[in-house]
Amino acid sequence: MFEDSIAPRQADWREALRKEKTAKERSSQPRVKMTELAPDYRVTCNEEVNCGLTAAQAFAEASRCLDCPDPQCVTGCPVGINIPGFIKNIERQQVGEALAVLKETSALPAVCGRVCPQEKQCESRCIYNKMKKEPVAIGYLERFAADNGVSDKKPEKPIANGHKVAVVGSGPAGLSFAGDMIKRGYDVTVYEALHQIGGVLKYGIPEFRLPNSIVEREIDALADLGVKFIKDCVVGKTLSYDDLLSEGYEGIFVASGAGLPRFMGIPGENLIGVLSSNEYLTRINLMGAGHGGDTPAPMGKRIAVIGGGNTAMDSVRTARRMGAEKAMIVYRRSEAEMPARVEEVHHARQEGVEFLTLCNPVEYLANERGAVRAMRVQRMELGEPDASGRRSPVPVPGAIDEIEVDLVIVSVGVSPNPLIPANFAGLDVTQRGTIAVDDNLRSSLHILFAGGDIVRGGATVILAMGDGRHAAAAMHKQIQEQSK
């Protein structure tokens, strides 16, 4: 039902397609370049920076795919998408069929096509890398299919199997799990603590990278299949574990995320104008702070974002759009070691962001009102490699600078949401506060499975989605065995 049922490699049309061009002809084509909004314009608005591929670009890029007999790109995908299958459908200009292939395994293709780090996953396994050529633009093509694939058929609701399951959290792990379980015929209810469905896809990722309308479209598709969504419900407070059991749920999947921000523990972190990236992005993305909402975000002209991940890039680029005249990334390692996507670093630099690498804040200084006015920064250098081969940053003796700032956004990581671990009796947790699970993502509470950041402590959208699919398969097997 879920794997290769629409576009098997041995299909006649794929056999014919492979004969239309030689491998040499396919590999001689350059990778397409996606159009972007001009930097001086995009910092004035929240419009999506990447503009997508034209149909002509998509058909040309799809024809670069060699349709390998052992496609390693699929093994590099955490949700196991039939990548050659959907790409070959694009090549033959059957975009609706391409989307159908994607939806066999992915509940969020339009999201993944925009925010997943394909360069570290599927595209990193493309055969073109061995040929010293640019890989097929799998992410671009996924986005194209998701945005342009149209089917005349209204999705049929799966035949109910008589079993109920609950999902805690409506982020990527929860939505992926819900999508797989509804296809198997389960009665699925998703509980979300916030007032909008989408989790980190809504509160954590700005619209210039992932428009809310795209997220809503994916959620609506799940609702059309029968998934029920309940907002403003804090499981662990509004509803207890016993309450869920009394509702008749035979399985519970916890995907409550890692919403607890970390700080560095340095002097001055309690000053006015020092806040976490979680708070900053949530206020702006979810609560309308950028448009004069009820929970306005702090404003600043000289802003420092501490960290080098994608969330740090989202924060600093948001600050530019909120009017910052000087927006800085402060990162204790070199740029080459930044965990953020290369594309996000590139876009940030285009938008005027300054990069203070090999720098580490050691103190924030206050003005007479108790607000941050400056930060003291320790210059760093890379020391000897550790056991993993990564060179650790070490302070340069005496090299401390004072830099004027009026807003600091700390983006040095997150910890798991502690609410469920603290309120579900008998639930084992790790020393890091994550829910302890076995290889099938099952917890110490037999019917409770967990995945995403509440297990990993922080991960990408696609890894969280992979957890959702893995947990869905394991829970389905358990419920079916118990029903015999």
# chains A, B, ... in the order shown; residues from 1 in each chain; ligands from 1

call {"tool": "closest_atom_pairs", "arguments": {"of": "segment 188-275 of chain A", "to": "segment 298-317 of chain A", "cutoff": "7 Å", "atoms": "only C-alpha atoms", "output": "tab-separated table"}}
result
residue	atom	partner	partner_atom	distance
A:Ile205	CA	A:Asp314	CA	6.8
A:Pro206	CA	A:Asp314	CA	6.6
A:Gly273	CA	A:Pro298	CA	6.8

call {"tool": "write_last_selection", "arguments": {"atoms": "all heavy atoms", "output": "PDB file, in the first residue's frame"}}
result
ATOM      1  N   ILE A 205       9.290  28.244  11.816  1.00  0.00           N
ATOM      2  CA  ILE A 205       9.860  28.507  10.496  1.00  0.00           C
ATOM      3  C   ILE A 205       9.153  29.708   9.878  1.00  0.00           C
ATOM      4  O   ILE A 205       7.936  29.689   9.698  1.00  0.00           O
ATOM      5  CB  ILE A 205       9.724  27.275   9.581  1.00  0.00           C
ATOM      6  CG1 ILE A 205      10.387  26.057  10.238  1.00  0.00           C
ATOM      7  CG2 ILE A 205      10.354  27.549   8.218  1.00  0.00           C
ATOM      8  CD1 ILE A 205      10.266  24.779   9.434  1.00  0.00           C
ATOM      9  N   PRO A 206       9.881  30.757   9.539  1.00  0.00           N
ATOM     10  CA  PRO A 206       9.249  31.970   9.004  1.00  0.00           C
ATOM     11  C   PRO A 206       8.583  31.732   7.654  1.00  0.00           C
ATOM     12  O   PRO A 206       8.955  30.827   6.896  1.00  0.00           O
ATOM     13  CB  PRO A 206      10.426  32.941   8.862  1.00  0.00           C
ATOM     14  CG  PRO A 206      11.519  32.381   9.711  1.00  0.00           C
ATOM     15  CD  PRO A 206      11.336  30.896   9.698  1.00  0.00           C
ATOM     16  N   GLY A 273      15.715  42.555  26.764  1.00  0.00           N
ATOM     17  CA  GLY A 273      16.285  42.524  25.421  1.00  0.00           C
ATOM     18  C   GLY A 273      17.147  41.318  25.134  1.00  0.00           C
ATOM     19  O   GLY A 273      17.756  41.238  24.066  1.00  0.00           O
TER      20      GLY A 273
END

call {"tool": "select_by_dssp", "arguments": {"residues": "segment 252-360 of chain A", "states": "helix (DSSP H, G or I)", "output": "MDAnalysis selection string"}}
result
chainID A and resid 277:285 289:291 310:321 335:337 342:350

call {"tool": "residues_around", "arguments": {"residues": "Cys68 of chain A", "least_positions_apart": "4", "cutoff": "10 Å", "atoms": "only C-alpha atoms", "output": "PyMOL selection string"}}
result
chain A and resi 9+18+72-73+84+126-127

call {"tool": "write_last_selection", "arguments": {"atoms": "N, CA, C and O atoms", "output": "PDB file, in the first residue's frame"}}
result
ATOM      1  N   ARG A   9       9.700   0.434 -11.026  1.00  0.00           N
ATOM      2  CA  ARG A   9      10.738   0.650 -12.032  1.00  0.00           C
ATOM      3  C   ARG A   9      10.500  -0.169 -13.291  1.00  0.00           C
ATOM      4  O   ARG A   9      10.873   0.241 -14.397  1.00  0.00           O
ATOM      5  N   ARG A  18      13.622   5.429 -20.145  1.00  0.00           N
ATOM      6  CA  ARG A  18      15.069   5.250 -20.006  1.00  0.00           C
ATOM      7  C   ARG A  18      15.772   5.152 -21.360  1.00  0.00           C
ATOM      8  O   ARG A  18      16.972   5.424 -21.464  1.00  0.00           O
ATOM      9  N   GLN A  72      20.325   4.957  -4.518  1.00  0.00           N
ATOM     10  CA  GLN A  72      20.793   5.273  -3.170  1.00  0.00           C
ATOM     11  C   GLN A  72      20.112   6.510  -2.597  1.00  0.00           C
ATOM     12  O   GLN A  72      20.095   6.708  -1.387  1.00  0.00           O
ATOM     13  N   CYS A  73      19.545   7.346  -3.458  1.00  0.00           N
ATOM     14  CA  CYS A  73      18.816   8.521  -2.969  1.00  0.00           C
ATOM     15  C   CYS A  73      17.673   8.094  -2.051  1.00  0.00           C
ATOM     16  O   CYS A  73      17.373   8.767  -1.056  1.00  0.00           O
ATOM     17  N   PRO A  84      13.055   8.135  -7.563  1.00  0.00           N
ATOM     18  CA  PRO A  84      13.037   8.019  -9.029  1.00  0.00           C
ATOM     19  C   PRO A  84      11.624   7.914  -9.594  1.00  0.00           C
ATOM     20  O   PRO A  84      11.347   8.428 -10.680  1.00  0.00           O
ATOM     21  N   CYS A 126      23.091  10.821  -4.382  1.00  0.00           N
ATOM     22  CA  CYS A 126      22.884  10.767  -5.841  1.00  0.00           C
ATOM     23  C   CYS A 126      24.158  10.314  -6.545  1.00  0.00           C
ATOM     24  O   CYS A 126      25.271  10.733  -6.192  1.00  0.00           O
ATOM     25  N   ILE A 127      24.002   9.488  -7.568  1.00  0.00           N
ATOM     26  CA  ILE A 127      25.133   8.939  -8.313  1.00  0.00           C
ATOM     27  C   ILE A 127      25.992  10.035  -8.937  1.00  0.00           C
ATOM     28  O   ILE A 127      27.200   9.857  -9.157  1.00  0.00           O
TER      29      ILE A 127
END

call {"tool": "residues_around", "arguments": {"residues": "Gly171 of chain A", "least_positions_apart": "2", "cutoff": "9 Å", "atoms": "only C-alpha atoms", "output": "count of residues only"}}
result
19

call {"tool": "closest_residue", "arguments": {"among": "A:Arg456, A:Arg64, A:Lys326, A:Lys33", "to": "Glu20 of chain A", "atoms": "only C-alpha atoms"}}
result
A:Arg64

call {"tool": "select_by_dssp", "arguments": {"residues": "segment 223-413 of chain A", "states": "strand (DSSP E or B)", "output": "number ranges by chain"}}
result
A: 228-230, 235, 239, 251-254, 260-261, 272, 274-276, 302-306, 326-331, 354-357, 359-366, 371-385, 391-404, 407-410

call {"tool": "atom_distance", "arguments": {"atom1": "atom CA of Leu244 of chain A", "atom2": "atom CA of Glu279 of chain A"}}
result
29.5 Å

call {"tool": "closest_atom_pairs", "arguments": {"of": "segment 283-334 of chain A", "to": "segment 376-388 of chain A", "cutoff": "10 Å", "atoms": "only C-alpha atoms", "output": "CSV"}}
result
residue,atom,partner,partner_atom,distance
A:Val330,CA,A:Val377,CA,8.9
A:Tyr331,CA,A:Met380,CA,9.6
A:Arg332,CA,A:Met380,CA,6.6
A:Arg333,CA,A:Leu382,CA,7.2
A:Ser334,CA,A:Leu382,CA,8.1

call {"tool": "residues_around", "arguments": {"residues": "Gln121 of chain A", "least_positions_apart": "3", "cutoff": "6 Å", "atoms": "only C-alpha atoms", "output": "list in words"}}
result
Gly76, Cys77, Gln118 and Ser124 of chain A

call {"tool": "residues_around", "arguments": {"residues": "Val342 of chain A", "least_positions_apart": "2", "cutoff": "12 Å", "atoms": "only C-alpha atoms", "output": "PyMOL selection string"}}
result
chain A and resi 117-120+308-310+313+335-340+344-349

call {"tool": "atom_distance", "arguments": {"atom1": "atom CA of Leu66 of chain A", "atom2": "atom CA of Arg469 of chain A"}}
result
27.8 Å

call {"tool": "closest_residue", "arguments": {"among": "A:Val455, A:Leu271, A:Cys45, A:Ile159", "to": "Lys183 of chain A", "atoms": "only C-alpha atoms"}}
result
A:Ile159

call {"tool": "residues_around", "arguments": {"residues": "segment 135-145 of chain A", "least_positions_apart": "3", "cutoff": "7 Å", "atoms": "only C-alpha atoms", "output": "list in words"}}
result
Arg31, Gly52, Leu53, Ala58, Glu61, Arg64, Cys65, Val95, Ala98, Leu99, Pro109, Ala110, Gly113, Arg114, Gln118, Glu123, Cys126, Tyr128, Asn129, Asn148 and Gly149 of chain A

call {"tool": "write_last_selection", "arguments": {"atoms": "N, CA and C atoms", "output": "tab-separated table (two decimals), in the first residue's frame"}}
result
chain	number	residue	atom	x	y	z
A	31	ARG	N	22.52	21.33	-13.82
A	31	ARG	CA	21.45	21.41	-12.83
A	31	ARG	C	20.76	22.76	-12.94
A	52	GLY	N	10.45	28.79	-6.82
A	52	GLY	CA	10.01	27.54	-7.44
A	52	GLY	C	10.50	27.42	-8.87
A	53	LEU	N	10.35	26.22	-9.42
A	53	LEU	CA	10.75	25.96	-10.80
A	53	LEU	C	9.60	26.20	-11.75
A	58	ALA	N	11.49	22.14	-14.53
A	58	ALA	CA	11.25	20.88	-13.83
A	58	ALA	C	11.38	19.68	-14.77
A	61	GLU	N	15.09	19.20	-15.52
A	61	GLU	CA	15.84	18.65	-14.38
A	61	GLU	C	15.49	17.19	-14.14
A	64	ARG	N	17.42	14.66	-16.05
A	64	ARG	CA	18.81	14.37	-15.64
A	64	ARG	C	18.89	13.07	-14.85
A	65	CYS	N	17.80	12.69	-14.18
A	65	CYS	CA	17.80	11.49	-13.33
A	65	CYS	C	18.09	10.26	-14.18
A	95	VAL	N	2.51	15.32	-13.68
A	95	VAL	CA	2.85	15.90	-12.38
A	95	VAL	C	1.88	15.41	-11.30
A	98	ALA	N	3.16	12.20	-10.19
A	98	ALA	CA	4.35	12.41	-9.35
A	98	ALA	C	3.94	12.72	-7.92
A	99	LEU	N	2.93	13.57	-7.77
A	99	LEU	CA	2.45	13.90	-6.42
A	99	LEU	C	1.85	12.68	-5.74
A	109	PRO	N	4.70	16.69	1.44
A	109	PRO	CA	5.68	16.89	0.37
A	109	PRO	C	6.00	18.35	0.08
A	110	ALA	N	5.02	19.24	0.17
A	110	ALA	CA	5.28	20.66	-0.11
A	110	ALA	C	6.17	21.27	0.96
A	113	GLY	N	9.82	19.67	0.45
A	113	GLY	CA	10.48	20.24	-0.72
A	113	GLY	C	11.09	21.60	-0.44
A	114	ARG	N	10.66	22.24	0.64
A	114	ARG	CA	11.16	23.56	0.99
A	114	ARG	C	12.20	23.56	2.10
A	118	GLN	N	18.09	18.35	1.85
A	118	GLN	CA	18.33	17.31	0.84
A	118	GLN	C	19.82	17.13	0.56
A	123	GLU	N	20.03	13.91	-1.76
A	123	GLU	CA	20.91	14.42	-2.81
A	123	GLU	C	22.36	14.04	-2.56
A	126	CYS	N	23.09	10.82	-4.38
A	126	CYS	CA	22.88	10.77	-5.84
A	126	CYS	C	24.16	10.31	-6.55
A	128	TYR	N	25.41	11.20	-9.18
A	128	TYR	CA	26.16	12.29	-9.79
A	128	TYR	C	27.31	12.76	-8.91
A	129	ASN	N	27.20	12.61	-7.59
A	129	ASN	CA	28.29	13.01	-6.72
A	129	ASN	C	29.56	12.22	-7.03
A	148	ASN	N	2.26	21.79	-7.91
A	148	ASN	CA	1.61	21.81	-9.23
A	148	ASN	C	0.85	20.53	-9.57
A	149	GLY	N	1.02	19.50	-8.76
A	149	GLY	CA	0.31	18.26	-9.04
A	149	GLY	C	-1.17	18.38	-8.72

call {"tool": "closest_residue", "arguments": {"among": "A:Gly451, A:Gly457, A:Gly352, A:Gly80", "to": "Leu260 of chain A", "atoms": "only C-alpha atoms"}}
result
A:Gly457

call {"tool": "closest_residue", "arguments": {"among": "A:Asn212, A:Thr434, A:Ser27, A:Ser483", "to": "Val111 of chain A", "atoms": "only C-alpha atoms"}}
result
A:Asn212

call {"tool": "closest_residue", "arguments": {"among": "A:Leu194, A:Leu225, A:Ile479, A:Ile420", "to": "Leu286 of chain A", "atoms": "only C-alpha atoms"}}
result
A:Leu194

call {"tool": "closest_residue", "arguments": {"among": "A:Gly466, A:Leu222, A:Thr105, A:Glu47", "to": "Ile81 of chain A", "atoms": "only C-alpha atoms"}}
result
A:Thr105

call {"tool": "atom_distance", "arguments": {"atom1": "atom CA of Ser392 of chain A", "atom2": "atom CA of Ala374 of chain A"}}
result
26.2 Å
